[in-house]
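For reference, the structure discussed in these notes is given below.
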Amino acid sequence: MKEEGVVDMPMRLLIVAAILVITVPVVLGIVNYYSVTASEQQLASGVEYLKKQIEIVYSQGENASMVVRVSFPFGTEFVKIGGHLGSDNSHLIRYKLRNGVERYTVVHYGNIAILMTAKNGSTLTVVGGTYDFILTKTKASTDLDHDGHLDDYYITVEVRTK
């Protein structure tokens with residue numbers, strides 16, 4: 001019986017184990033990175049789609065309405081749409097993945113910032129999932145842009161419940 005075979009096999013196993021210890025975390029890190037990146041892109045894409053649909057409704061006549069289905073990925077901490085009319089957030093859609101950075105997009109039609117609010121007059125907040133949003137162009141009862149004319153509009157955003 002050759003003794004070098006007895007010593008050689010444990011050494012080979014040790015080398016294989018060392019290679020696995022080094023490469024497995026790297027591979028898992030790469031997979032996690034691409035998973036997070038894909039979720040970020042899916043969230044940004046959903047927000048951009050919602051923004052475009054809000055712009056379309058705003059471009060139409062008074063009381064124009066549209067139902068829009070949007071999916072946000074699992075892991076979405078929040079999507080906040082609009083706010084109290086006239087507030088800094090009323091023309092923004094803010095969104096964030098868990099353990100991510102909060103981002104926002106400004107919703108506008110030409111050079112007009114589109115004001116958005118929930119039916120109760122505050123920010124509409126949703127998390128990851130699929131939603132049917134009801135977007136309605138509404139005429140404001142007050143002068144929102146402070147130009148002395150009651151010709152201002154905003155978008156009411158609500159989630160359709162089944």
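Following the order of the structure tokens, first chain is A, next is B, and so on, with residues numbered from 1 inside each chain and ligands from 1 in the order they appear.
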| task | Please provide as a PyMOL selection string all residues within 6 Å of region 152-157 of chain A, with the sequence filter that same-chain residues fewer than 4 positions apart are discarded (counting only C-alpha atoms). | result | chain A and resi 115-119+134-140
Give one line per residue of region 54-117 of chain A that approaches region 32-48 of chain A to at most 8 Å, naming the two atoms of the closest pair and their distance in Å to one decimal, counting only C-alpha atoms; sort by chain then ascending residue number and deliver it as a tab-separated table.
residue	atom	partner	partner_atom	distance
A:Val70	CA	A:Gly46	CA	6.1
A:Ser71	CA	A:Gly46	CA	6.3
A:Phe72	CA	A:Leu43	CA	5.4
A:Pro73	CA	A:Ser39	CA	6.0
A:Phe74	CA	A:Ser39	CA	7.8
A:Gly75	CA	A:Ser39	CA	7.9
A:Thr76	CA	A:Leu43	CA	7.5
A:Ile93	CA	A:Val47	CA	7.4
A:Tyr95	CA	A:Val47	CA	8.0
A:Leu97	CA	A:Glu40	CA	7.1
| task | Show which residues sit within 7 Å of Arg160 (chain A), as a PyMOL selection string. Count only C-alpha atoms, and ignore same-chain residues fewer than 2 positions away. | result | chain A and resi 132-134+158+162
| field | Using only C-alpha atoms: which of A:Ile15, A:Ile114, A:Leu28, A:Leu150 has the shortest distance to Ile81 (chain A) | value | A:Ile114
| message | So that I can check the secondary structure, give me every residue of region 4-162 of chain A assigned helix (DSSP H, G or I) by backbone DSSP, as a ChimeraX atom specification. | response | /A:4-58,88-91
